[in-house]
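Pasted below: final33.pdb, PDB, C-alpha atoms, pLDDT in the B column.
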ATOM      1  CA  MET A   1       0.000   0.000   0.000  1.00 76.00           C
ATOM      2  CA  LYS A   2       1.301   3.457  -0.928  1.00 83.00           C
ATOM      3  CA  THR A   3       1.895   5.994   1.825  1.00 91.00           C
ATOM      4  CA  LEU A   4       0.339   9.428   1.596  1.00 93.00           C
ATOM      5  CA  GLN A   5       3.821  10.924   1.210  1.00 93.00           C
ATOM      6  CA  GLU A   6       4.607   8.624  -1.735  1.00 94.00           C
ATOM      7  CA  ILE A   7       1.337   9.611  -3.400  1.00 94.00           C
ATOM      8  CA  ILE A   8       1.940  13.335  -2.885  1.00 93.00           C
ATOM      9  CA  ASP A   9       5.559  13.053  -4.063  1.00 94.00           C
ATOM     10  CA  ALA A  10       4.280  11.462  -7.291  1.00 94.00           C
ATOM     11  CA  ASN A  11       1.423  14.015  -7.599  1.00 92.00           C
ATOM     12  CA  PRO A  12       2.697  17.311  -6.148  1.00 92.00           C
ATOM     13  CA  GLU A  13      -0.309  19.277  -7.482  1.00 92.00           C
ATOM     14  CA  ALA A  14      -2.771  17.047  -5.611  1.00 92.00           C
ATOM     15  CA  GLU A  15      -4.861  18.402  -2.782  1.00 91.00           C
ATOM     16  CA  THR A  16      -5.895  16.124   0.076  1.00 93.00           C
ATOM     17  CA  PHE A  17      -9.303  16.255   1.743  1.00 93.00           C
ATOM     18  CA  ARG A  18     -11.903  14.255   3.663  1.00 94.00           C
ATOM     19  CA  PHE A  19     -15.518  13.827   2.671  1.00 94.00           C
ATOM     20  CA  GLY A  20     -18.157  14.757   5.238  1.00 90.00           C
ATOM     21  CA  ASP A  21     -17.853  15.989   8.798  1.00 92.00           C
ATOM     22  CA  SER A  22     -17.740  12.686  10.687  1.00 93.00           C
ATOM     23  CA  LYS A  23     -16.157   9.254  10.377  1.00 96.00           C
ATOM     24  CA  LYS A  24     -19.552   7.683   9.688  1.00 95.00           C
ATOM     25  CA  LEU A  25     -20.338  10.097   6.849  1.00 94.00           C
ATOM     26  CA  CYS A  26     -16.818   9.837   5.415  1.00 96.00           C
ATOM     27  CA  ASP A  27     -16.977   6.019   5.402  1.00 96.00           C
ATOM     28  CA  SER A  28     -20.410   6.075   3.777  1.00 95.00           C
ATOM     29  CA  ILE A  29     -19.329   8.462   1.022  1.00 96.00           C
ATOM     30  CA  LEU A  30     -16.134   6.534   0.278  1.00 97.00           C
ATOM     31  CA  ALA A  31     -18.153   3.310   0.000  1.00 97.00           C
ATOM     32  CA  LEU A  32     -20.448   4.988  -2.561  1.00 97.00           C
ATOM     33  CA  ILE A  33     -17.444   6.227  -4.544  1.00 98.00           C
ATOM     34  CA  ARG A  34     -15.804   2.808  -4.512  1.00 97.00           C
ATOM     35  CA  SER A  35     -19.037   1.164  -5.682  1.00 96.00           C
ATOM     36  CA  GLY A  36     -19.337   3.627  -8.583  1.00 96.00           C
ATOM     37  CA  GLN A  37     -22.623   5.087  -7.296  1.00 97.00           C
ATOM     38  CA  LYS A  38     -21.107   8.482  -6.431  1.00 98.00           C
ATOM     39  CA  THR A  39     -19.480  10.495  -9.227  1.00 98.00           C
ATOM     40  CA  ALA A  40     -20.225  14.022  -8.016  1.00 98.00           C
ATOM     41  CA  THR A  41     -20.108  16.181  -4.916  1.00 97.00           C
ATOM     42  CA  CYS A  42     -20.710  19.746  -3.834  1.00 96.00           C
ATOM     43  CA  GLU A  43     -19.553  22.125  -1.120  1.00 96.00           C
ATOM     44  CA  ALA A  44     -20.245  25.691  -0.061  1.00 95.00           C
ATOM     45  CA  LEU A  45     -18.314  27.965  -2.418  1.00 95.00           C
ATOM     46  CA  LEU A  46     -17.179  30.129   0.488  1.00 92.00           C
ATOM     47  CA  VAL A  47     -14.767  27.413   1.734  1.00 91.00           C
ATOM     48  CA  TYR A  48     -12.617  27.958  -1.369  1.00 91.00           C
ATOM     49  CA  GLY A  49     -10.234  30.759  -2.198  1.00 82.00           C
ATOM     50  CA  LYS A  50      -8.374  33.221  -0.003  1.00 81.00           C
ATOM     51  CA  GLY A  51      -7.453  31.456   3.224  1.00 79.00           C
ATOM     52  CA  GLY A  52      -9.517  28.395   2.330  1.00 78.00           C
ATOM     53  CA  ASP A  53      -9.241  25.232   0.273  1.00 84.00           C
ATOM     54  CA  GLU A  54      -8.043  25.158  -3.321  1.00 88.00           C
ATOM     55  CA  MET A  55     -10.911  25.120  -5.797  1.00 92.00           C
ATOM     56  CA  PRO A  56     -11.065  21.851  -7.763  1.00 94.00           C
ATOM     57  CA  GLU A  57      -9.774  22.144 -11.335  1.00 94.00           C
ATOM     58  CA  VAL A  58     -10.694  20.008 -14.335  1.00 97.00           C
ATOM     59  CA  GLY A  59      -7.930  17.461 -14.920  1.00 97.00           C
ATOM     60  CA  ARG A  60      -6.355  17.769 -11.473  1.00 95.00           C
ATOM     61  CA  ARG A  61      -6.067  14.631  -9.411  1.00 96.00           C
ATOM     62  CA  ASP A  62      -6.710  14.918  -5.687  1.00 96.00           C
ATOM     63  CA  VAL A  63      -6.564  12.421  -2.839  1.00 97.00           C
ATOM     64  CA  ALA A  64      -9.610  11.717  -0.697  1.00 97.00           C
ATOM     65  CA  LEU A  65      -8.574  10.488   2.735  1.00 96.00           C
ATOM     66  CA  GLU A  66     -10.045   7.983   5.116  1.00 96.00           C
ATOM     67  CA  TRP A  67     -11.217   9.723   8.308  1.00 95.00           C
ATOM     68  CA  ASP A  68      -7.956   8.691  10.046  1.00 95.00           C
ATOM     69  CA  GLY A  69      -5.834  10.374   7.347  1.00 93.00           C
ATOM     70  CA  ARG A  70      -4.849   7.315   5.307  1.00 95.00           C
ATOM     71  CA  PRO A  71      -5.195   7.710   1.524  1.00 96.00           C
ATOM     72  CA  ALA A  72      -8.486   6.260   0.259  1.00 97.00           C
ATOM     73  CA  VAL A  73      -8.897   7.116  -3.426  1.00 97.00           C
ATOM     74  CA  MET A  74      -7.396   9.386  -6.060  1.00 97.00           C
ATOM     75  CA  LEU A  75     -10.071  11.328  -7.926  1.00 98.00           C
ATOM     76  CA  GLU A  76      -9.725  13.269 -11.153  1.00 98.00           C
ATOM     77  CA  THR A  77     -11.999  16.262 -11.575  1.00 98.00           C
ATOM     78  CA  VAL A  78     -13.920  16.117 -14.868  1.00 98.00           C
ATOM     79  CA  GLU A  79     -16.261  19.104 -14.372  1.00 98.00           C
ATOM     80  CA  VAL A  80     -16.571  22.081 -12.015  1.00 98.00           C
ATOM     81  CA  THR A  81     -19.582  24.397 -11.981  1.00 98.00           C
ATOM     82  CA  THR A  82     -21.156  26.762  -9.488  1.00 97.00           C
ATOM     83  CA  ARG A  83     -24.830  27.240  -8.715  1.00 97.00           C
ATOM     84  CA  ARG A  84     -27.074  28.505  -5.972  1.00 98.00           C
ATOM     85  CA  PHE A  85     -28.401  26.021  -3.413  1.00 98.00           C
ATOM     86  CA  GLY A  86     -31.929  26.579  -4.702  1.00 96.00           C
ATOM     87  CA  ASP A  87     -30.860  25.804  -8.288  1.00 97.00           C
ATOM     88  CA  MET A  88     -29.735  22.233  -7.617  1.00 97.00           C
ATOM     89  CA  ASP A  89     -31.253  19.711 -10.025  1.00 97.00           C
ATOM     90  CA  GLU A  90     -32.239  16.032  -9.929  1.00 97.00           C
ATOM     91  CA  ASP A  91     -29.483  14.996 -12.379  1.00 97.00           C
ATOM     92  CA  PHE A  92     -26.676  16.295 -10.186  1.00 98.00           C
ATOM     93  CA  VAL A  93     -28.342  14.935  -7.050  1.00 97.00           C
ATOM     94  CA  ALA A  94     -28.512  11.483  -8.667  1.00 97.00           C
ATOM     95  CA  ALA A  95     -24.782  11.626  -9.527  1.00 98.00           C
ATOM     96  CA  GLN A  96     -24.022  12.223  -5.843  1.00 97.00           C
ATOM     97  CA  GLY A  97     -25.400   8.748  -5.123  1.00 96.00           C
ATOM     98  CA  GLU A  98     -26.503   9.422  -1.538  1.00 94.00           C
ATOM     99  CA  PHE A  99     -29.988  10.844  -1.840  1.00 96.00           C
ATOM    100  CA  ARG A 100     -33.469   9.513  -2.625  1.00 95.00           C
ATOM    101  CA  ASP A 101     -34.459  12.683  -4.470  1.00 96.00           C
ATOM    102  CA  LEU A 102     -33.961  16.448  -4.599  1.00 97.00           C
ATOM    103  CA  GLU A 103     -35.991  17.053  -1.428  1.00 97.00           C
ATOM    104  CA  HIS A 104     -33.861  14.534   0.510  1.00 97.00           C
ATOM    105  CA  TRP A 105     -30.738  16.286  -0.821  1.00 97.00           C
ATOM    106  CA  ARG A 106     -32.044  19.703   0.290  1.00 97.00           C
ATOM    107  CA  LYS A 107     -32.801  18.524   3.827  1.00 97.00           C
ATOM    108  CA  SER A 108     -29.501  16.659   4.172  1.00 96.00           C
ATOM    109  CA  TYR A 109     -27.330  19.459   2.815  1.00 96.00           C
ATOM    110  CA  GLU A 110     -29.148  22.177   4.766  1.00 97.00           C
ATOM    111  CA  ALA A 111     -28.400  20.220   7.954  1.00 96.00           C
ATOM    112  CA  TYR A 112     -24.761  19.703   6.853  1.00 95.00           C
ATOM    113  CA  PHE A 113     -24.260  23.409   6.088  1.00 95.00           C
ATOM    114  CA  ARG A 114     -25.890  24.463   9.367  1.00 95.00           C
ATOM    115  CA  ARG A 115     -23.425  22.186  11.222  1.00 93.00           C
ATOM    116  CA  ASN A 116     -20.479  23.590   9.274  1.00 90.00           C
ATOM    117  CA  GLY A 117     -20.637  27.350   9.175  1.00 86.00           C
ATOM    118  CA  GLY A 118     -24.146  28.323   8.219  1.00 92.00           C
ATOM    119  CA  PHE A 119     -26.884  27.944   5.672  1.00 96.00           C
ATOM    120  CA  ASP A 120     -28.525  30.396   3.316  1.00 96.00           C
ATOM    121  CA  PRO A 121     -30.959  29.243   0.608  1.00 95.00           C
ATOM    122  CA  GLU A 122     -29.208  31.691  -1.752  1.00 96.00           C
ATOM    123  CA  MET A 123     -25.695  30.376  -0.980  1.00 97.00           C
ATOM    124  CA  GLU A 124     -23.403  29.465  -3.865  1.00 97.00           C
ATOM    125  CA  LEU A 125     -22.138  25.904  -4.229  1.00 97.00           C
ATOM    126  CA  MET A 126     -19.111  24.403  -5.946  1.00 97.00           C
ATOM    127  CA  CYS A 127     -20.385  21.371  -7.868  1.00 98.00           C
ATOM    128  CA  GLU A 128     -17.800  18.837  -8.996  1.00 98.00           C
ATOM    129  CA  ARG A 129     -17.987  15.687 -11.098  1.00 98.00           C
ATOM    130  CA  PHE A 130     -15.093  13.266 -10.818  1.00 98.00           C
ATOM    131  CA  ARG A 131     -13.796   9.851 -11.766  1.00 98.00           C
ATOM    132  CA  VAL A 132     -11.820   7.416  -9.649  1.00 98.00           C
ATOM    133  CA  VAL A 133      -8.242   7.010 -10.850  1.00 96.00           C
ATOM    134  CA  GLU A 134      -6.947   4.752  -8.098  1.00 95.00           C
ATOM    135  CA  ASP A 135      -8.337   3.083  -4.994  1.00 96.00           C
ATOM    136  CA  PHE A 136      -5.600   2.935  -2.377  1.00 94.00           C
ATOM    137  CA  GLY A 137      -7.486   0.213  -0.576  1.00 83.00           C
ATOM    138  CA  GLY A 138      -5.826  -2.084  -3.081  1.00 49.00           C
ATOM    139  CA  ARG A 139      -7.733  -1.703  -6.344  1.00 46.00           C
ATOM    140  CA  ASP A 140      -6.809   0.287  -9.452  1.00 44.00           C
ATOM    141  CA  VAL A 141      -9.754   1.561 -11.447  1.00 45.00           C
TER     142      VAL A 141
END

For the file at hand, write its structure as structure tokens.
Amino acid sequence: MKTLQEIIDANPEAETFRFGDSKKLCDSILALIRSGQKTATCEALLVYGKGGDEMPEVGRRDVALEWDGRPAVMLETVEVTTRRFGDMDEDFVAAQGEFRDLEHWRKSYEAYFRRNGGFDPEMELMCERFRVVEDFGGRDV
């Protein structure tokens, strides 16, 4: 198994990040990615930029971590768009793989944003589609 340092040395442009805000959520999301059900994600746009995280870029490969910091999967960004929370659509929700429908997505993400810095129905979101390049749990994709 590759160490995180070996992966970063081979991919110096890569960002590292964790999905979710708890071990349970992180594990659930990684399982959906590994199964192929999840090919998209979103986050509040305000977490990116000056003093925050690097905005995803098409073609860049980043490393999603297990909750304990071990490398989980390398993802390549294939699309980045922005939209308001209220403008989310069923197609993008389906690509996220976690939600029954748009209403379930709205309730889940409103709760997530309230736990992590605040919610506004007019807030801007970064919406990313990705593909799995490598699963560091032992499988190449």

* Asked: How would you write, as a ChimeraX atom specification, the residues chosen by the PyMOL selection byres ((chain A and resi 18) around 6) on this structure?
  -> /A:17,19,64-65

* What residues come out when you apply the PyMOL selection byres ((chain A and resi 68) around 12) to this file, written as a list in words? -> Leu4, Phe17, Arg18, Phe19, Ser22, Lys23, Lys24, Cys26, Asp27, Ala64, Leu65, Glu66, Trp67, Gly69, Arg70, Pro71 and Ala72 of chain A

* Care to translate the PyMOL selection byres ((chain A and resi 110-119) around 10) into actual residues of this file, as a PyMOL selection string? -> chain A and resi 20-21+43-44+46-47+85+104-109+120-123

* Asked: Which residues, written as a list in words, have at least one atom at most 9 Å from Thr41 of chain A, with only C-alpha atoms counted and residues fewer than 3 positions away on the same chain left out?
  ->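 Near neighbours after the sequence-gap exclusion: Lys38, Phe92, Val93, Ala95, Gln96, Met126, Cys127, Glu128, Arg129 and Phe130 of chain A.
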
* **Atomic distance atom CA of Ile29 of chain A - atom CA of Ala10 of chain A, expressed in Å with one decimal** => 25.2 Å

* Asked: By how many Å are atom CA of Ala31 of chain A and atom CA of Asp87 of chain A apart?
  ->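 Result for atom CA of Ala31 of chain A versus atom CA of Asp87 of chain A: 27.1 Å, one decimal.
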
* To do: Could you jot down the atom CA of Glu15 of chain A to atom CA of Leu32 of chain A separation for me, Å, one decimal place?
  => 20.6 Å

* To do: Mind checking which residues fall within 12 Å of Arg34 of chain A, counting all atoms listed in the file, ignoring those fewer than 2 positions away in the same chain, and posting them as a ChimeraX atom specification?
  => /A:27-32,36-39,64,72-75,97,131-141

* Go through A:Arg84, A:Lys50, A:Arg100, A:Arg61 and flag the residue nearest Pro12 of chain A, using only C-alpha atoms for the distances. =>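 Closest to Pro12 of chain A, using only C-alpha atoms: A:Arg61.
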
* Residues at most 8 Å from Ala14 of chain A, counting all atoms listed in the file, excluding those fewer than 5 positions away in the same chain, as a list of chain:residue names? ->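 Residues near the query, excluding close chain neighbours: A:Ile8, A:Arg60, A:Arg61, A:Asp62, A:Val63.
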
Written selection (C-alpha atoms) as a PDB file, keeping the file's coordinate frame:
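Below is the file result_17.pdb, written as the result:
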ATOM      1  CA  ILE A   8       1.940  13.335  -2.885  1.00 93.00           C
ATOM      2  CA  ARG A  60      -6.355  17.769 -11.473  1.00 95.00           C
ATOM      3  CA  ARG A  61      -6.067  14.631  -9.411  1.00 96.00           C
ATOM      4  CA  ASP A  62      -6.710  14.918  -5.687  1.00 96.00           C
ATOM      5  CA  VAL A  63      -6.564  12.421  -2.839  1.00 97.00           C
TER       6      VAL A  63
END
